[in-house]
file final-v9.pdb (PDB, C-alpha atoms)
ATOM      1  CA  MET S  56      -4.266  36.682 -15.554  1.00  0.00           C
ATOM      2  CA  LYS S  57      -2.466  33.338 -15.500  1.00  0.00           C
ATOM      3  CA  GLN S  58      -4.457  30.153 -15.796  1.00  0.00           C
ATOM      4  CA  ARG S  59      -3.248  26.573 -15.765  1.00  0.00           C
ATOM      5  CA  ILE S  60      -4.580  24.573 -18.696  1.00  0.00           C
ATOM      6  CA  GLY S  61      -4.352  20.815 -19.166  1.00  0.00           C
ATOM      7  CA  ARG S  62      -2.741  18.096 -17.101  1.00  0.00           C
ATOM      8  CA  ARG S  63      -0.594  18.426 -14.004  1.00  0.00           C
ATOM      9  CA  LEU S  64       3.078  17.674 -14.664  1.00  0.00           C
ATOM     10  CA  ASN S  65       4.693  14.918 -12.580  1.00  0.00           C
ATOM     11  CA  PHE S  66       8.365  14.046 -12.309  1.00  0.00           C
ATOM     12  CA  VAL S  67       9.008  10.443 -11.278  1.00  0.00           C
ATOM     13  CA  GLU S  68      12.442   9.180 -10.256  1.00  0.00           C
ATOM     14  CA  CYS S  69      12.180   5.735 -11.789  1.00  0.00           C
ATOM     15  CA  ARG S  70      13.207   2.386 -10.324  1.00  0.00           C
ATOM     16  CA  GLU S  71      16.862   1.629  -9.795  1.00  0.00           C
ATOM     17  CA  SER S  72      17.008  -1.561 -11.893  1.00  0.00           C
ATOM     18  CA  MET S  73      15.394  -3.039 -14.997  1.00  0.00           C
ATOM     19  CA  GLY S  74      11.817  -4.245 -14.982  1.00  0.00           C
ATOM     20  CA  LEU S  75      10.354  -7.522 -16.215  1.00  0.00           C
ATOM     21  CA  GLY S  76       8.379  -8.403 -19.314  1.00  0.00           C
ATOM     22  CA  SER S  77       8.185  -6.749 -22.707  1.00  0.00           C
ATOM     23  CA  GLY S  78       9.703  -3.292 -22.503  1.00  0.00           C
ATOM     24  CA  GLY S  79      10.438  -3.671 -18.791  1.00  0.00           C
ATOM     25  CA  SER S  80       6.835  -2.872 -17.947  1.00  0.00           C
ATOM     26  CA  LEU S  81       6.659  -4.807 -14.664  1.00  0.00           C
ATOM     27  CA  ALA S  82       8.677  -3.420 -11.761  1.00  0.00           C
ATOM     28  CA  GLN S  83      11.379  -5.740 -10.447  1.00  0.00           C
ATOM     29  CA  ARG S  84      11.657  -6.659  -6.782  1.00  0.00           C
ATOM     30  CA  ALA S  85      13.607  -4.362  -4.460  1.00  0.00           C
ATOM     31  CA  THR S  86      12.913  -1.256  -6.553  1.00  0.00           C
ATOM     32  CA  ILE S  87      11.287   2.089  -5.867  1.00  0.00           C
ATOM     33  CA  SER S  88       9.964   4.771  -8.200  1.00  0.00           C
ATOM     34  CA  GLU S  89       9.672   8.054  -6.346  1.00  0.00           C
ATOM     35  CA  SER S  90       7.306  10.982  -6.865  1.00  0.00           C
ATOM     36  CA  GLY S  91       7.199  13.199  -3.811  1.00  0.00           C
ATOM     37  CA  ARG S  92       6.464  12.207  -0.236  1.00  0.00           C
ATOM     38  CA  ASP S  93       2.661  11.992   0.050  1.00  0.00           C
ATOM     39  CA  VAL S  94       1.887   8.298  -0.437  1.00  0.00           C
ATOM     40  CA  VAL S  95       4.014   5.182  -0.828  1.00  0.00           C
ATOM     41  CA  VAL S  96       2.240   2.317  -2.598  1.00  0.00           C
ATOM     42  CA  VAL S  97       3.742  -0.925  -1.276  1.00  0.00           C
ATOM     43  CA  ALA S  98       3.551  -3.817  -3.765  1.00  0.00           C
ATOM     44  CA  MET S  99       4.481  -7.446  -3.210  1.00  0.00           C
ATOM     45  CA  GLY S 100       6.406  -7.936  -6.425  1.00  0.00           C
ATOM     46  CA  PRO S 101       5.709  -9.433  -9.872  1.00  0.00           C
ATOM     47  CA  GLY S 102       4.764 -13.048 -10.490  1.00  0.00           C
ATOM     48  CA  ARG S 103       1.873 -15.295 -11.487  1.00  0.00           C
ATOM     49  CA  ARG S 104       0.065 -14.604  -8.183  1.00  0.00           C
ATOM     50  CA  HIS S 105       1.216 -11.066  -7.403  1.00  0.00           C
ATOM     51  CA  ILE S 106      -0.003  -9.168 -10.444  1.00  0.00           C
ATOM     52  CA  THR S 107       1.158  -5.545 -10.417  1.00  0.00           C
ATOM     53  CA  LYS S 108      -1.557  -4.126 -12.694  1.00  0.00           C
ATOM     54  CA  PRO S 109      -3.839  -2.760  -9.929  1.00  0.00           C
ATOM     55  CA  VAL S 110      -0.857  -1.013  -8.316  1.00  0.00           C
ATOM     56  CA  CYS S 111      -0.022   0.831 -11.547  1.00  0.00           C
ATOM     57  CA  GLU S 112      -3.615   1.936 -12.088  1.00  0.00           C
ATOM     58  CA  ILE S 113      -4.011   3.079  -8.479  1.00  0.00           C
ATOM     59  CA  THR S 114      -0.786   5.056  -8.685  1.00  0.00           C
ATOM     60  CA  TYR S 115      -1.903   6.804 -11.890  1.00  0.00           C
ATOM     61  CA  ALA S 116      -5.296   7.624 -10.345  1.00  0.00           C
ATOM     62  CA  LEU S 117      -3.643   9.209  -7.300  1.00  0.00           C
ATOM     63  CA  ARG S 118      -1.266  11.273  -9.423  1.00  0.00           C
ATOM     64  CA  GLU S 119      -4.143  12.495 -11.612  1.00  0.00           C
ATOM     65  CA  GLU S 120      -5.654  14.015  -8.447  1.00  0.00           C
ATOM     66  CA  GLY S 121      -2.397  15.792  -7.619  1.00  0.00           C
ATOM     67  CA  ILE S 122      -1.305  13.307  -4.958  1.00  0.00           C
ATOM     68  CA  ASP S 123       2.400  12.488  -5.125  1.00  0.00           C
ATOM     69  CA  ALA S 124       2.489   8.667  -5.112  1.00  0.00           C
ATOM     70  CA  SER S 125       5.657   6.589  -5.118  1.00  0.00           C
ATOM     71  CA  VAL S 126       5.838   2.804  -5.584  1.00  0.00           C
ATOM     72  CA  LEU S 127       7.976   0.445  -3.493  1.00  0.00           C
ATOM     73  CA  VAL S 128       8.203  -3.175  -4.652  1.00  0.00           C
ATOM     74  CA  VAL S 129       9.166  -5.354  -1.691  1.00  0.00           C
ATOM     75  CA  ASN S 130      12.209  -7.580  -2.126  1.00  0.00           C
ATOM     76  CA  ALA S 131      10.830 -10.502  -0.064  1.00  0.00           C
ATOM     77  CA  GLY S 132       7.195 -10.126  -1.106  1.00  0.00           C
ATOM     78  CA  LEU S 133       6.285 -13.789  -1.505  1.00  0.00           C
ATOM     79  CA  GLY S 134       4.931 -16.070   1.203  1.00  0.00           C
ATOM     80  CA  VAL S 135       3.981 -15.003   4.735  1.00  0.00           C
ATOM     81  CA  PRO S 136       5.860 -13.681   7.774  1.00  0.00           C
ATOM     82  CA  ALA S 137       7.607 -16.281   9.913  1.00  0.00           C
ATOM     83  CA  ASP S 138       5.172 -15.694  12.809  1.00  0.00           C
ATOM     84  CA  ALA S 139       2.004 -16.214  10.741  1.00  0.00           C
ATOM     85  CA  LEU S 140      -0.243 -19.206  11.383  1.00  0.00           C
ATOM     86  CA  ASP S 141       0.056 -20.447   7.787  1.00  0.00           C
ATOM     87  CA  VAL S 142       3.724 -20.940   6.934  1.00  0.00           C
ATOM     88  CA  THR S 143       3.242 -23.720   4.389  1.00  0.00           C
ATOM     89  CA  THR S 144       4.105 -21.553   1.377  1.00  0.00           C
ATOM     90  CA  GLY S 145       7.820 -22.359   1.506  1.00  0.00           C
ATOM     91  CA  SER S 146       8.901 -18.703   1.451  1.00  0.00           C
ATOM     92  CA  TYR S 147       8.858 -15.869   3.979  1.00  0.00           C
ATOM     93  CA  PHE S 148       7.568 -12.333   3.594  1.00  0.00           C
ATOM     94  CA  GLY S 149       9.788  -9.657   5.114  1.00  0.00           C
ATOM     95  CA  LEU S 150      11.180  -6.134   4.920  1.00  0.00           C
ATOM     96  CA  ASP S 151      14.777  -5.042   4.503  1.00  0.00           C
ATOM     97  CA  PRO S 152      16.002  -2.211   6.768  1.00  0.00           C
ATOM     98  CA  ILE S 153      16.311   0.083   3.732  1.00  0.00           C
ATOM     99  CA  GLU S 154      12.662  -0.635   2.843  1.00  0.00           C
ATOM    100  CA  VAL S 155      11.584   0.288   6.374  1.00  0.00           C
ATOM    101  CA  ASP S 156      13.515   3.565   6.127  1.00  0.00           C
ATOM    102  CA  ARG S 157      11.961   4.353   2.752  1.00  0.00           C
ATOM    103  CA  ILE S 158       8.371   3.703   3.854  1.00  0.00           C
ATOM    104  CA  GLN S 159       8.825   5.763   7.023  1.00  0.00           C
ATOM    105  CA  GLN S 160       9.580   8.891   4.961  1.00  0.00           C
ATOM    106  CA  PHE S 161       6.004   9.122   3.627  1.00  0.00           C
ATOM    107  CA  LYS S 162       2.791  10.529   5.101  1.00  0.00           C
ATOM    108  CA  VAL S 163       0.629   7.510   4.170  1.00  0.00           C
ATOM    109  CA  ALA S 164       1.293   3.898   3.164  1.00  0.00           C
ATOM    110  CA  LEU S 165      -1.110   2.270   0.699  1.00  0.00           C
ATOM    111  CA  ILE S 166      -0.425  -1.461   0.989  1.00  0.00           C
ATOM    112  CA  HIS S 167      -1.548  -3.860  -1.760  1.00  0.00           C
ATOM    113  CA  LEU S 168      -1.614  -7.397  -0.338  1.00  0.00           C
ATOM    114  CA  GLY S 169      -3.418  -9.784  -2.663  1.00  0.00           C
ATOM    115  CA  ASN S 170      -6.189 -12.324  -2.149  1.00  0.00           C
ATOM    116  CA  VAL S 171      -5.430 -14.688   0.758  1.00  0.00           C
ATOM    117  CA  ARG S 172      -6.997 -13.383   3.971  1.00  0.00           C
ATOM    118  CA  ALA S 173      -4.633 -15.184   6.352  1.00  0.00           C
ATOM    119  CA  HIS S 174      -1.647 -13.814   4.422  1.00  0.00           C
ATOM    120  CA  ILE S 175      -2.977 -10.255   4.159  1.00  0.00           C
ATOM    121  CA  ILE S 176      -3.470  -9.654   7.879  1.00  0.00           C
ATOM    122  CA  TYR S 177      -0.066 -11.005   8.913  1.00  0.00           C
ATOM    123  CA  LYS S 178       1.791  -9.178   6.150  1.00  0.00           C
ATOM    124  CA  ALA S 179       0.120  -5.939   7.206  1.00  0.00           C
ATOM    125  CA  ARG S 180       1.069  -6.579  10.832  1.00  0.00           C
ATOM    126  CA  LEU S 181       4.720  -7.086   9.928  1.00  0.00           C
ATOM    127  CA  ILE S 182       4.849  -3.862   7.901  1.00  0.00           C
ATOM    128  CA  LEU S 183       3.113  -1.782  10.586  1.00  0.00           C
ATOM    129  CA  ARG S 184       5.258  -3.326  13.291  1.00  0.00           C
ATOM    130  CA  ASN S 185       8.232  -1.635  11.641  1.00  0.00           C
ATOM    131  CA  VAL S 186       6.800   1.717  10.461  1.00  0.00           C
ATOM    132  CA  ASP S 187       4.829   4.334  12.359  1.00  0.00           C
ATOM    133  CA  ILE S 188       2.592   5.916   9.726  1.00  0.00           C
ATOM    134  CA  PRO S 189      -1.137   5.595   8.881  1.00  0.00           C
ATOM    135  CA  ALA S 190      -1.935   2.892   6.347  1.00  0.00           C
ATOM    136  CA  MET S 191      -4.632   1.882   3.891  1.00  0.00           C
ATOM    137  CA  ILE S 192      -5.041  -1.778   2.935  1.00  0.00           C
ATOM    138  CA  VAL S 193      -6.049  -2.676  -0.625  1.00  0.00           C
ATOM    139  CA  ALA S 194      -6.970  -6.309  -1.240  1.00  0.00           C
ATOM    140  CA  GLN S 195      -8.980  -8.593  -3.496  1.00  0.00           C
ATOM    141  CA  CYS S 196     -10.688 -10.698  -0.809  1.00  0.00           C
ATOM    142  CA  PRO S 197     -12.976  -9.332   1.936  1.00  0.00           C
ATOM    143  CA  VAL S 198     -11.172  -8.182   5.096  1.00  0.00           C
ATOM    144  CA  ASP S 199     -12.315  -5.777   7.801  1.00  0.00           C
ATOM    145  CA  PHE S 200     -10.904  -3.869  10.764  1.00  0.00           C
ATOM    146  CA  GLU S 201     -11.818  -6.658  13.195  1.00  0.00           C
ATOM    147  CA  ASP S 202      -9.625  -9.131  11.278  1.00  0.00           C
ATOM    148  CA  PHE S 203      -6.578  -6.949  11.909  1.00  0.00           C
ATOM    149  CA  ALA S 204      -7.449  -6.000  15.485  1.00  0.00           C
ATOM    150  CA  GLU S 205      -7.685  -9.686  16.422  1.00  0.00           C
ATOM    151  CA  ILE S 206      -3.947 -10.110  15.808  1.00  0.00           C
ATOM    152  CA  GLY S 207      -2.887  -6.891  17.557  1.00  0.00           C
ATOM    153  CA  VAL S 208      -3.055  -4.353  14.704  1.00  0.00           C
ATOM    154  CA  LYS S 209      -4.332  -0.878  15.581  1.00  0.00           C
ATOM    155  CA  THR S 210      -7.201   0.388  13.430  1.00  0.00           C
ATOM    156  CA  LYS S 211      -9.323   3.528  13.427  1.00  0.00           C
ATOM    157  CA  VAL S 212     -12.497   1.492  14.081  1.00  0.00           C
ATOM    158  CA  VAL S 213     -11.409  -1.325  16.406  1.00  0.00           C
ATOM    159  CA  MET S 214      -8.484  -1.218  18.828  1.00  0.00           C
ATOM    160  CA  PRO S 215      -6.849  -4.280  20.402  1.00  0.00           C
ATOM    161  CA  ARG S 216      -6.336  -4.281  24.150  1.00  0.00           C
ATOM    162  CA  ASP S 217      -3.234  -2.328  25.135  1.00  0.00           C
ATOM    163  CA  GLU S 218      -1.367  -5.484  26.112  1.00  0.00           C
ATOM    164  CA  ASP S 219      -2.161  -7.071  22.725  1.00  0.00           C
ATOM    165  CA  ILE S 220      -0.973  -4.218  20.476  1.00  0.00           C
ATOM    166  CA  ALA S 221       1.805  -5.545  18.258  1.00  0.00           C
ATOM    167  CA  VAL S 222       2.389  -2.643  15.847  1.00  0.00           C
ATOM    168  CA  ARG S 223       3.538   0.976  15.649  1.00  0.00           C
ATOM    169  CA  GLY S 224       1.448   2.129  12.675  1.00  0.00           C
ATOM    170  CA  GLU S 225      -2.329   2.083  12.307  1.00  0.00           C
ATOM    171  CA  ILE S 226      -4.799   1.029   9.605  1.00  0.00           C
ATOM    172  CA  ARG S 227      -7.086   3.953   8.779  1.00  0.00           C
ATOM    173  CA  GLU S 228      -8.831   2.729   5.617  1.00  0.00           C
ATOM    174  CA  ILE S 229      -9.548  -0.524   3.739  1.00  0.00           C
ATOM    175  CA  ALA S 230     -10.593  -1.127   0.120  1.00  0.00           C
ATOM    176  CA  THR S 231     -11.477  -4.636  -1.041  1.00  0.00           C
ATOM    177  CA  GLY S 232     -12.586  -6.115  -4.356  1.00  0.00           C
ATOM    178  CA  VAL S 233      -9.473  -4.927  -6.222  1.00  0.00           C
ATOM    179  CA  VAL S 234      -8.879  -7.950  -8.458  1.00  0.00           C
ATOM    180  CA  ARG S 235      -5.341  -8.857  -9.490  1.00  0.00           C
ATOM    181  CA  GLY S 236      -4.608  -8.798 -13.203  1.00  0.00           C
ATOM    182  CA  VAL S 237      -7.906  -7.131 -14.094  1.00  0.00           C
ATOM    183  CA  THR S 238      -8.547  -3.497 -14.993  1.00  0.00           C
ATOM    184  CA  CYS S 239      -9.596  -1.661 -11.830  1.00  0.00           C
ATOM    185  CA  PRO S 240     -13.125  -0.188 -12.236  1.00  0.00           C
ATOM    186  CA  GLN S 241     -13.385   3.599 -12.055  1.00  0.00           C
ATOM    187  CA  ASP S 242     -15.676   3.484  -9.027  1.00  0.00           C
ATOM    188  CA  LYS S 243     -13.065   1.463  -7.119  1.00  0.00           C
ATOM    189  CA  LEU S 244     -10.316   3.908  -8.112  1.00  0.00           C
ATOM    190  CA  ASP S 245     -12.559   6.778  -6.968  1.00  0.00           C
ATOM    191  CA  GLU S 246     -13.068   5.024  -3.617  1.00  0.00           C
ATOM    192  CA  ILE S 247      -9.345   4.559  -3.102  1.00  0.00           C
ATOM    193  CA  VAL S 248      -8.506   8.144  -4.039  1.00  0.00           C
ATOM    194  CA  SER S 249     -11.225   9.515  -1.744  1.00  0.00           C
ATOM    195  CA  LYS S 250     -10.000   7.456   1.200  1.00  0.00           C
ATOM    196  CA  VAL S 251      -6.371   8.442   0.624  1.00  0.00           C
ATOM    197  CA  GLN S 252      -7.380  12.119   0.466  1.00  0.00           C
ATOM    198  CA  SER S 253      -9.118  11.764   3.836  1.00  0.00           C
ATOM    199  CA  MET S 254      -5.828  10.516   5.322  1.00  0.00           C
ATOM    200  CA  LEU S 255      -3.753  13.470   4.100  1.00  0.00           C
ATOM    201  CA  PRO S 256      -4.270  16.533   6.364  1.00  0.00           C
ATOM    202  CA  ASP S 257      -3.540  19.102   3.655  1.00  0.00           C
ATOM    203  CA  ARG S 258      -5.953  17.380   1.245  1.00  0.00           C
ATOM    204  CA  ARG S 259      -8.665  17.163   3.915  1.00  0.00           C
ATOM    205  CA  ASP S 260      -8.471  20.915   4.489  1.00  0.00           C
ATOM    206  CA  LYS S 261      -9.036  21.638   0.778  1.00  0.00           C
ATOM    207  CA  LYS S 262     -12.331  19.762   0.578  1.00  0.00           C
TER     208      LYS S 262
END
call {"tool": "encode", "arguments": {"input": "final-v9.pdb", "output": "structure tokens"}}
result
Amino acid sequence: MKQRIGRRLNFVECRESMGLGSGGSLAQRATISESGRDVVVVAMGPGRRHITKPVCEITYALREEGIDASVLVVNAGLGVPADALDVTTGSYFGLDPIEVDRIQQFKVALIHLGNVRAHIIYKARLILRNVDIPAMIVAQCPVDFEDFAEIGVKTKVVMPRDEDIAVRGEIREIATGVVRGVTCPQDKLDEIVSKVQSMLPDRRDKK
């Protein structure tokens, strides 16, 4: 009889350029580290405001449960989209065509979008306007499905009117209270993993 003992082995194709900080620990903009095609964790990029720590911890938690999670750090992750109401930040959030192609290859997108409500909803709309896959939003501040539906984003709970739909993808799950730069509590990691599992058909069947 053969029995697997110990941890599950993961192979990760690491980012294509050097990271930032001591030992290159923070992923640089416009990089991707790949580990299968289950979930792509979309991060805004390193900086004083966009702390990457929650993204790393979430990715590890997903991989510990056997979910192949890759990380894409957006090149233009600062600021807000050009069509957002608040464009006073001086920089624009956007996606490169290669980033759109990369995200579209995955089954689920887990999108980490920070702590400014007005920025979160418009960034999510821009991403889902370009990719047609189910998404989960992870944020620090409180947001709900109604916030996204009001600006034309499809969600599993609230749908905009047909004439107001402005996206291809759909938000299936939301997790809030994930604080930037602070260790993510185990109960929050458990919540995120559980919600991601519910979005993956093969994982749902195994429950």
call {"tool": "closest_residue", "arguments": {"input": "final-v9.pdb", "among": "S:Asn130, S:Thr231, S:Ser253, S:Thr86", "to": "S:Pro189", "atoms": "all atoms listed in the file"}}
result
S:Ser253
call {"tool": "closest_residue", "arguments": {"input": "final-v9.pdb", "among": "S:Asp187, S:Glu205, S:Asp257, S:Asp199", "to": "S:Gly224", "atoms": "all atoms listed in the file"}}
result
S:Asp187
call {"tool": "residues_near_point", "arguments": {"input": "final-v9.pdb", "point": "(-10.2, 2.1, -9.7)", "cutoff": "10 Å", "atoms": "only C-alpha atoms", "output": "ChimeraX atom specification"}}
result
/S:109-110,112-117,233,238-248
call {"tool": "atom_distance", "arguments": {"input": "final-v9.pdb", "atom1": "atom CA of S:Val212", "atom2": "atom CA of S:Gly149"}}
result
26.5 Å
call {"tool": "closest_residue", "arguments": {"input": "final-v9.pdb", "among": "S:His167, S:Ser146, S:Pro197, S:Met191", "to": "S:Gly134", "atoms": "all atoms listed in the file"}}
result
S:Ser146
call {"tool": "residues_near_point", "arguments": {"input": "final-v9.pdb", "point": "(9.6, -8.3, 2.1)", "cutoff": "8 Å", "atoms": "all atoms listed in the file", "output": "list in words"}}
result
Met99, Val129, Asn130, Ala131, Gly132, Leu133, Tyr147, Phe148, Gly149, Leu150 and Asp151 of chain S
call {"tool": "closest_residue", "arguments": {"input": "final-v9.pdb", "among": "S:Glu120, S:Val96, S:Gln160, S:Ile206", "to": "S:Ala190", "atoms": "only C-alpha atoms"}}
result
S:Val96
call {"tool": "resolve_selection", "arguments": {"input": "final-v9.pdb", "expression": "the PyMOL selection byres ((chain S and resi 192) around 7)", "output": "count of residues only"}}
result
10
call {"tool": "atom_distance", "arguments": {"input": "final-v9.pdb", "atom1": "atom CA of S:Arg227", "atom2": "atom CA of S:Phe161"}}
result
15.0 Å
call {"tool": "residues_around", "arguments": {"input": "final-v9.pdb", "residues": "S:Ala173", "least_positions_apart": "2", "cutoff": "12 Å", "atoms": "all atoms listed in the file", "output": "compact mmCIF listing (two decimals) with C-alpha atoms, keeping the file's coordinate frame"}}
result
# COMPACT_ATOMS: atom_id res chain seq x y z
CA GLY S 134 4.93 -16.07 1.20
CA VAL S 135 3.98 -15.00 4.74
CA PRO S 136 5.86 -13.68 7.77
CA ASP S 138 5.17 -15.69 12.81
CA ALA S 139 2.00 -16.21 10.74
CA LEU S 140 -0.24 -19.21 11.38
CA ASP S 141 0.06 -20.45 7.79
CA VAL S 142 3.72 -20.94 6.93
CA THR S 143 3.24 -23.72 4.39
CA THR S 144 4.11 -21.55 1.38
CA LEU S 168 -1.61 -7.40 -0.34
CA GLY S 169 -3.42 -9.78 -2.66
CA ASN S 170 -6.19 -12.32 -2.15
CA VAL S 171 -5.43 -14.69 0.76
CA ILE S 175 -2.98 -10.26 4.16
CA ILE S 176 -3.47 -9.65 7.88
CA TYR S 177 -0.07 -11.00 8.91
CA LYS S 178 1.79 -9.18 6.15
CA ALA S 179 0.12 -5.94 7.21
CA ARG S 180 1.07 -6.58 10.83
CA ALA S 194 -6.97 -6.31 -1.24
CA CYS S 196 -10.69 -10.70 -0.81
CA PRO S 197 -12.98 -9.33 1.94
CA VAL S 198 -11.17 -8.18 5.10
CA ASP S 202 -9.62 -9.13 11.28
CA PHE S 203 -6.58 -6.95 11.91
CA GLU S 205 -7.68 -9.69 16.42
CA ILE S 206 -3.95 -10.11 15.81
call {"tool": "atom_distance", "arguments": {"input": "final-v9.pdb", "atom1": "atom CA of S:Lys209", "atom2": "atom CA of S:Glu225"}}
result
4.8 Å
call {"tool": "resolve_selection", "arguments": {"input": "final-v9.pdb", "expression": "the PyMOL selection byres ((chain S and resi 214) around 10)", "output": "JSON, numbers by chain"}}
result
{"S": [200, 201, 203, 204, 205, 207, 208, 209, 210, 211, 212, 213, 215, 216, 217, 219, 220, 225]}
call {"tool": "residues_around", "arguments": {"input": "final-v9.pdb", "residues": "S:Ile122", "least_positions_apart": "2", "cutoff": "10 Å", "atoms": "only C-alpha atoms", "output": "PDB file with C-alpha atoms, in the frame of the given file"}}
result
ATOM      1  CA  ASN S  65       4.693  14.918 -12.580  1.00  0.00           C
ATOM      2  CA  SER S  90       7.306  10.982  -6.865  1.00  0.00           C
ATOM      3  CA  GLY S  91       7.199  13.199  -3.811  1.00  0.00           C
ATOM      4  CA  ARG S  92       6.464  12.207  -0.236  1.00  0.00           C
ATOM      5  CA  ASP S  93       2.661  11.992   0.050  1.00  0.00           C
ATOM      6  CA  VAL S  94       1.887   8.298  -0.437  1.00  0.00           C
ATOM      7  CA  THR S 114      -0.786   5.056  -8.685  1.00  0.00           C
ATOM      8  CA  TYR S 115      -1.903   6.804 -11.890  1.00  0.00           C
ATOM      9  CA  ALA S 116      -5.296   7.624 -10.345  1.00  0.00           C
ATOM     10  CA  LEU S 117      -3.643   9.209  -7.300  1.00  0.00           C
ATOM     11  CA  ARG S 118      -1.266  11.273  -9.423  1.00  0.00           C
ATOM     12  CA  GLU S 119      -4.143  12.495 -11.612  1.00  0.00           C
ATOM     13  CA  GLU S 120      -5.654  14.015  -8.447  1.00  0.00           C
ATOM     14  CA  ALA S 124       2.489   8.667  -5.112  1.00  0.00           C
ATOM     15  CA  SER S 125       5.657   6.589  -5.118  1.00  0.00           C
ATOM     16  CA  VAL S 248      -8.506   8.144  -4.039  1.00  0.00           C
ATOM     17  CA  VAL S 251      -6.371   8.442   0.624  1.00  0.00           C
ATOM     18  CA  GLN S 252      -7.380  12.119   0.466  1.00  0.00           C
ATOM     19  CA  LEU S 255      -3.753  13.470   4.100  1.00  0.00           C
ATOM     20  CA  ARG S 258      -5.953  17.380   1.245  1.00  0.00           C
TER      21      ARG S 258
END
call {"tool": "axis_aligned_box", "arguments": {"input": "final-v9.pdb", "around": "stretch 231-235 of chain S", "padding_each_side": "4 Å", "output": "JSON"}}
result
{"center_x": -9.0, "center_y": -6.7, "center_z": -5.3, "size_x": 15.2, "size_y": 12.2, "size_z": 16.4}
call {"tool": "closest_residue", "arguments": {"input": "final-v9.pdb", "among": "S:Cys111, S:Gln159, S:Pro152, S:Val126", "to": "S:Val95", "atoms": "all atoms listed in the file"}}
result
S:Val126
